[in-house]
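To be precise, the following lines are work05.cif, and they hold mmCIF, C-alpha atoms.
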data_upload
loop_
_atom_site.label_atom_id
_atom_site.label_comp_id
_atom_site.auth_asym_id
_atom_site.auth_seq_id
_atom_site.Cartn_x
_atom_site.Cartn_y
_atom_site.Cartn_z
CA MET A 1036 -13.27 -11.05 -67.33
CA ILE A 1037 -10.72 -12.49 -69.75
CA PRO A 1038 -9.06 -15.74 -68.62
CA CYS A 1039 -5.33 -15.00 -68.48
CA ASN A 1040 -2.38 -14.97 -66.10
CA PRO A 1041 0.62 -13.10 -67.56
CA CYS A 1042 0.80 -10.95 -64.42
CA VAL A 1043 1.34 -14.08 -62.33
CA ALA A 1044 4.15 -15.28 -64.60
CA ILE A 1045 5.98 -11.93 -64.81
CA CYS A 1046 5.98 -11.07 -61.08
CA PRO A 1047 9.57 -11.56 -59.88
CA VAL A 1048 8.58 -11.97 -56.22
CA HIS A 1049 5.45 -14.11 -56.74
CA ALA A 1050 3.21 -11.45 -55.19
CA ILE A 1051 0.38 -12.16 -57.67
CA THR A 1052 -1.42 -15.49 -57.49
CA MET A 1053 -4.42 -17.21 -59.00
CA ASN A 1054 -5.94 -20.56 -58.05
CA ASP A 1055 -7.43 -20.97 -61.53
CA ILE A 1056 -6.98 -19.22 -64.90
CA ASN A 1057 -10.54 -17.87 -64.55
CA ASP A 1058 -9.97 -16.35 -61.09
CA THR A 1059 -9.29 -12.71 -60.39
CA PRO A 1060 -5.59 -12.27 -59.57
CA ALA A 1061 -4.82 -11.72 -55.88
CA VAL A 1062 -1.96 -9.46 -54.78
CA ASP A 1063 0.02 -10.05 -51.61
CA PHE A 1064 0.93 -6.44 -50.83
CA GLU A 1065 3.49 -7.58 -48.24
CA LYS A 1066 5.49 -9.26 -51.05
CA CYS A 1067 4.89 -6.68 -53.81
CA THR A 1068 7.93 -4.47 -54.46
CA GLY A 1069 6.11 -2.09 -56.82
CA CYS A 1070 8.29 -3.01 -59.82
CA THR A 1071 5.28 -2.39 -62.15
CA ARG A 1072 6.15 -5.22 -64.56
CA CYS A 1073 2.56 -6.46 -64.28
CA VAL A 1074 1.15 -3.15 -65.53
CA GLY A 1075 2.56 -3.37 -69.05
CA ILE A 1076 1.91 -7.09 -69.53
CA CYS A 1077 -1.80 -7.09 -68.60
CA PRO A 1078 -3.85 -7.56 -71.80
CA GLY A 1079 -6.93 -6.16 -70.05
CA LEU A 1080 -5.16 -2.93 -69.02
CA ALA A 1081 -6.52 -3.63 -65.54
CA ILE A 1082 -3.46 -3.07 -63.33
CA PHE A 1083 -2.16 0.17 -61.84
CA VAL A 1084 0.34 0.81 -59.05
CA VAL A 1085 0.06 3.63 -56.49
CA LYS A 1086 2.94 4.69 -54.24
CA ILE A 1087 2.53 7.45 -51.67
CA LYS A 1088 5.52 9.24 -50.19
CA ASP A 1089 5.32 12.42 -48.16
CA GLU A 1090 2.89 14.80 -49.88
CA LYS A 1091 3.10 13.22 -53.36
CA ALA A 1092 1.79 10.05 -54.97
CA SER A 1093 3.13 8.30 -58.03
CA ILE A 1094 0.60 6.42 -60.12
CA THR A 1095 1.70 3.95 -62.79
CA PHE A 1096 -0.79 2.80 -65.42
CA PRO A 1097 -0.98 1.48 -69.00
CA TYR A 1098 -1.24 4.09 -71.75
CA GLU A 1099 -2.29 3.31 -75.33
CA PHE A 1100 -2.59 6.77 -76.87
CA LEU A 1101 -0.27 8.58 -79.28
CA PRO A 1102 1.73 10.63 -79.15
CA LEU A 1103 3.25 9.50 -75.89
CA PRO A 1104 3.80 12.26 -73.35
CA THR A 1105 7.35 13.30 -72.48
CA VAL A 1106 8.96 13.12 -69.06
CA GLY A 1107 8.49 16.47 -67.36
CA ASN A 1108 5.23 17.35 -69.18
CA ILE A 1109 2.36 18.67 -67.09
CA VAL A 1110 -0.93 16.99 -68.02
CA HIS A 1111 -4.54 16.85 -66.84
CA ALA A 1112 -5.04 14.13 -64.21
CA VAL A 1113 -8.41 12.44 -64.70
CA ASP A 1114 -10.49 10.02 -62.68
CA ARG A 1115 -12.28 6.82 -63.73
CA GLU A 1116 -15.10 8.85 -65.28
CA GLY A 1117 -12.72 11.01 -67.33
CA LYS A 1118 -13.23 14.11 -65.19
CA THR A 1119 -10.21 16.33 -64.70
CA ARG A 1120 -9.29 16.37 -61.02
CA GLY A 1121 -6.02 18.32 -61.17
CA THR A 1122 -2.66 18.24 -62.85
CA ALA A 1123 0.04 15.62 -62.97
CA LYS A 1124 3.70 15.62 -63.91
CA ILE A 1125 4.97 12.85 -66.19
CA MET A 1126 7.76 11.13 -64.26
CA LYS A 1127 8.45 8.08 -66.44
CA VAL A 1128 7.49 6.70 -69.85
CA ASN A 1129 8.31 3.02 -70.34
CA THR A 1130 7.85 1.53 -73.80
CA ARG A 1131 9.65 -1.78 -73.18
CA ALA A 1132 6.49 -3.70 -72.28
CA LYS A 1133 3.70 -4.86 -74.58
CA THR A 1134 1.82 -1.68 -73.67
CA ALA A 1135 3.41 1.67 -72.83
CA VAL A 1136 3.46 2.36 -69.11
CA ILE A 1137 3.27 5.91 -67.74
CA THR A 1138 4.11 7.07 -64.22
CA VAL A 1139 2.74 10.41 -63.06
CA GLU A 1140 3.16 12.37 -59.87
CA VAL A 1141 0.15 13.99 -58.20
CA ASP A 1142 -0.75 15.41 -54.82
CA LYS A 1143 -1.26 12.51 -52.40
CA THR A 1144 -4.91 13.50 -51.86
CA LEU A 1145 -5.59 12.38 -55.45
CA ALA A 1146 -3.76 9.05 -55.19
CA MET A 1147 -6.81 6.79 -55.20
CA ASP A 1148 -8.77 8.88 -57.71
CA ILE A 1149 -6.45 9.43 -60.68
CA ARG A 1150 -6.39 6.65 -63.28
CA MET A 1151 -5.53 8.37 -66.59
CA ILE A 1152 -4.21 11.56 -68.13
CA LYS A 1153 -5.21 13.99 -70.87
CA VAL A 1154 -2.48 15.91 -72.63
CA MET A 1155 -3.03 19.66 -72.37
CA ASN A 1156 -3.38 21.71 -75.54
CA HIS A 1157 -0.88 24.54 -75.72
CA ASP A 1158 -2.38 26.46 -78.64
#
File written out as structure tokens:
Amino acid sequence: MIPCNPCVAICPVHAITMNDINDTPAVDFEKCTGCTRCVGICPGLAIFVVKIKDEKASITFPYEFLPLPTVGNIVHAVDREGKTRGTAKIMKVNTRAKTAVITVEVDKTLAMDIRMIKVMNHD
């Protein structure tokens, strides 16, 4: 683990806390508004945000590959091991933070499995 705390400093509602710089950040999910500011500021690329509504889930995560996908693109949705688990639609691409932040939409059954994307080849 890398000692750091930018997620604590950037959280507008103080939902992320640490007792010591070497601690793992703790999230108070009752306070968290899902603004995703913490995702792009984390130097360890360790934060993602999952929101489930009806039959869909949106997953927001850091993305350091080029070229960046475009809103509306359909991409492979992959799990922590890099295995394709389905498809995802790019809903948002935010480049304002230190690291680009991507939000994808997937079926809610994949919400806790998907952690990255692979751009599909259209050759």
Check: Just so the selection is clear, what residues does the PyMOL selection byres ((chain A and resi 1154) around 6) cover here, as a PyMOL selection string?
Finding: chain A and resi 1110+1153+1155
Note to self: Rounded to one decimal, what separation in Å do you get between CA of Asn1054 in chain A and CA of Cys1042 in chain A?
What the structure shows: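 The value is 13.4 Å.
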Next item on the list: Give as a list in words the residues that the PyMOL selection byres ((chain A and resi 1129) around 10) matches when applied to the coordinates above.
Entry: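 This file, filtered by the PyMOL selection byres ((chain A and resi 1129) around 10), leaves Gly1075, Pro1097, Tyr1098, Leu1103, Lys1127, Val1128, Thr1130, Arg1131, Ala1132, Thr1134, Ala1135, Val1136, Ile1137 and Thr1138 of chain A.
Using all atoms listed in the file, the shortest contact distance between Val1062 in chain A and any of A:Val1043, A:Val1074, A:Leu1080, A:Val1113 is found at A:Val1043.
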Note to self: For a quick check of understanding, using only C-alpha atoms, which of A:Arg1072, A:Gly1117, A:Pro1047, A:Pro1038 has the smallest distance to Pro1060 in chain A?
What the structure shows: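 Of all the options, A:Pro1038 lies closest to Pro1060 in chain A.
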Margin query: Need the shell around Lys1124 in chain A: protein/DNA/RNA residues with any atom at most 9 Å away, counting only C-alpha atoms. Skip same-chain ones fewer than 4 positions apart. Format as number ranges by chain?
Written below: A: 1106-1112, 1138-1141
Please save C-alpha atoms of the selected residues as a CSV table (one decimal), in the coordinates of the input.
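Heads up, here's the output in result.csv:
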chain,number,residue,atom,x,y,z
A,1106,VAL,CA,9.0,13.1,-69.1
A,1107,GLY,CA,8.5,16.5,-67.4
A,1108,ASN,CA,5.2,17.4,-69.2
A,1109,ILE,CA,2.4,18.7,-67.1
A,1110,VAL,CA,-0.9,17.0,-68.0
A,1111,HIS,CA,-4.5,16.8,-66.8
A,1112,ALA,CA,-5.0,14.1,-64.2
A,1138,THR,CA,4.1,7.1,-64.2
A,1139,VAL,CA,2.7,10.4,-63.1
A,1140,GLU,CA,3.2,12.4,-59.9
A,1141,VAL,CA,0.2,14.0,-58.2
Taking the partial coordinates given, rebuild range 1037-1064 of chain A to contain N, CA and C atoms; return it as a PDB file, in the frame of the given file.
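Result file is result.pdb:
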ATOM      1  N   ILE A1037     -11.446 -11.697 -68.770  1.00  0.00           N
ATOM      2  CA  ILE A1037     -10.720 -12.490 -69.750  1.00  0.00           C
ATOM      3  C   ILE A1037      -9.836 -13.486 -69.003  1.00  0.00           C
ATOM      4  N   PRO A1038      -9.962 -14.788 -69.281  1.00  0.00           N
ATOM      5  CA  PRO A1038      -9.060 -15.740 -68.620  1.00  0.00           C
ATOM      6  C   PRO A1038      -7.615 -15.513 -69.077  1.00  0.00           C
ATOM      7  N   CYS A1039      -6.742 -15.189 -68.157  1.00  0.00           N
ATOM      8  CA  CYS A1039      -5.330 -15.000 -68.480  1.00  0.00           C
ATOM      9  C   CYS A1039      -4.525 -14.973 -67.185  1.00  0.00           C
ATOM     10  N   ASN A1040      -3.206 -15.047 -67.306  1.00  0.00           N
ATOM     11  CA  ASN A1040      -2.380 -14.970 -66.100  1.00  0.00           C
ATOM     12  C   ASN A1040      -0.961 -14.447 -66.358  1.00  0.00           C
ATOM     13  N   PRO A1041      -0.741 -13.581 -67.354  1.00  0.00           N
ATOM     14  CA  PRO A1041       0.620 -13.100 -67.560  1.00  0.00           C
ATOM     15  C   PRO A1041       1.184 -12.323 -66.370  1.00  0.00           C
ATOM     16  N   CYS A1042       0.326 -11.688 -65.591  1.00  0.00           N
ATOM     17  CA  CYS A1042       0.800 -10.950 -64.420  1.00  0.00           C
ATOM     18  C   CYS A1042       1.411 -11.905 -63.390  1.00  0.00           C
ATOM     19  N   VAL A1043       0.821 -13.080 -63.262  1.00  0.00           N
ATOM     20  CA  VAL A1043       1.340 -14.080 -62.330  1.00  0.00           C
ATOM     21  C   VAL A1043       2.735 -14.517 -62.772  1.00  0.00           C
ATOM     22  N   ALA A1044       2.880 -14.780 -64.061  1.00  0.00           N
ATOM     23  CA  ALA A1044       4.150 -15.280 -64.600  1.00  0.00           C
ATOM     24  C   ALA A1044       5.267 -14.238 -64.544  1.00  0.00           C
ATOM     25  N   ILE A1045       4.932 -12.953 -64.720  1.00  0.00           N
ATOM     26  CA  ILE A1045       5.980 -11.930 -64.810  1.00  0.00           C
ATOM     27  C   ILE A1045       6.420 -11.392 -63.444  1.00  0.00           C
ATOM     28  N   CYS A1046       5.653 -11.616 -62.401  1.00  0.00           N
ATOM     29  CA  CYS A1046       5.980 -11.070 -61.080  1.00  0.00           C
ATOM     30  C   CYS A1046       7.240 -11.737 -60.525  1.00  0.00           C
ATOM     31  N   PRO A1047       8.310 -10.959 -60.331  1.00  0.00           N
ATOM     32  CA  PRO A1047       9.570 -11.560 -59.880  1.00  0.00           C
ATOM     33  C   PRO A1047       9.581 -12.031 -58.432  1.00  0.00           C
ATOM     34  N   VAL A1048       8.610 -11.575 -57.639  1.00  0.00           N
ATOM     35  CA  VAL A1048       8.580 -11.970 -56.220  1.00  0.00           C
ATOM     36  C   VAL A1048       7.355 -12.815 -55.883  1.00  0.00           C
ATOM     37  N   HIS A1049       6.624 -13.245 -56.910  1.00  0.00           N
ATOM     38  CA  HIS A1049       5.450 -14.110 -56.740  1.00  0.00           C
ATOM     39  C   HIS A1049       4.392 -13.487 -55.830  1.00  0.00           C
ATOM     40  N   ALA A1050       4.202 -12.165 -55.992  1.00  0.00           N
ATOM     41  CA  ALA A1050       3.210 -11.450 -55.190  1.00  0.00           C
ATOM     42  C   ALA A1050       1.806 -11.576 -55.768  1.00  0.00           C
ATOM     43  N   ILE A1051       1.688 -12.017 -57.035  1.00  0.00           N
ATOM     44  CA  ILE A1051       0.380 -12.160 -57.670  1.00  0.00           C
ATOM     45  C   ILE A1051       0.109 -13.648 -57.848  1.00  0.00           C
ATOM     46  N   THR A1052      -1.057 -14.076 -57.384  1.00  0.00           N
ATOM     47  CA  THR A1052      -1.420 -15.490 -57.490  1.00  0.00           C
ATOM     48  C   THR A1052      -2.841 -15.644 -58.000  1.00  0.00           C
ATOM     49  N   MET A1053      -3.086 -16.824 -58.563  1.00  0.00           N
ATOM     50  CA  MET A1053      -4.420 -17.210 -59.000  1.00  0.00           C
ATOM     51  C   MET A1053      -4.555 -18.709 -58.762  1.00  0.00           C
ATOM     52  N   ASN A1054      -5.692 -19.135 -58.236  1.00  0.00           N
ATOM     53  CA  ASN A1054      -5.940 -20.560 -58.050  1.00  0.00           C
ATOM     54  C   ASN A1054      -6.309 -21.233 -59.358  1.00  0.00           C
ATOM     55  N   ASP A1055      -6.933 -20.453 -60.253  1.00  0.00           N
ATOM     56  CA  ASP A1055      -7.430 -20.970 -61.530  1.00  0.00           C
ATOM     57  C   ASP A1055      -7.303 -19.859 -62.560  1.00  0.00           C
ATOM     58  N   ILE A1056      -7.133 -20.207 -63.826  1.00  0.00           N
ATOM     59  CA  ILE A1056      -6.980 -19.220 -64.900  1.00  0.00           C
ATOM     60  C   ILE A1056      -8.186 -18.284 -65.001  1.00  0.00           C
ATOM     61  N   ASN A1057      -9.334 -18.700 -64.498  1.00  0.00           N
ATOM     62  CA  ASN A1057     -10.540 -17.870 -64.550  1.00  0.00           C
ATOM     63  C   ASN A1057     -10.743 -17.018 -63.306  1.00  0.00           C
ATOM     64  N   ASP A1058      -9.864 -17.147 -62.313  1.00  0.00           N
ATOM     65  CA  ASP A1058      -9.970 -16.350 -61.090  1.00  0.00           C
ATOM     66  C   ASP A1058      -9.463 -14.926 -61.318  1.00  0.00           C
ATOM     67  N   THR A1059      -9.859 -14.053 -60.440  1.00  0.00           N
ATOM     68  CA  THR A1059      -9.290 -12.710 -60.390  1.00  0.00           C
ATOM     69  C   THR A1059      -7.935 -12.820 -59.687  1.00  0.00           C
ATOM     70  N   PRO A1060      -6.891 -12.207 -60.244  1.00  0.00           N
ATOM     71  CA  PRO A1060      -5.590 -12.270 -59.570  1.00  0.00           C
ATOM     72  C   PRO A1060      -5.656 -11.654 -58.168  1.00  0.00           C
ATOM     73  N   ALA A1061      -4.918 -12.241 -57.242  1.00  0.00           N
ATOM     74  CA  ALA A1061      -4.820 -11.720 -55.880  1.00  0.00           C
ATOM     75  C   ALA A1061      -3.397 -11.219 -55.665  1.00  0.00           C
ATOM     76  N   VAL A1062      -3.275 -10.055 -55.039  1.00  0.00           N
ATOM     77  CA  VAL A1062      -1.960  -9.460 -54.780  1.00  0.00           C
ATOM     78  C   VAL A1062      -1.653  -9.540 -53.303  1.00  0.00           C
ATOM     79  N   ASP A1063      -0.480 -10.051 -52.985  1.00  0.00           N
ATOM     80  CA  ASP A1063       0.020 -10.050 -51.610  1.00  0.00           C
ATOM     81  C   ASP A1063       0.855  -8.770 -51.484  1.00  0.00           C
ATOM     82  N   PHE A1064       0.270  -7.734 -50.905  1.00  0.00           N
ATOM     83  CA  PHE A1064       0.930  -6.440 -50.830  1.00  0.00           C
ATOM     84  C   PHE A1064       2.158  -6.449 -49.924  1.00  0.00           C
TER      85      PHE A1064
END
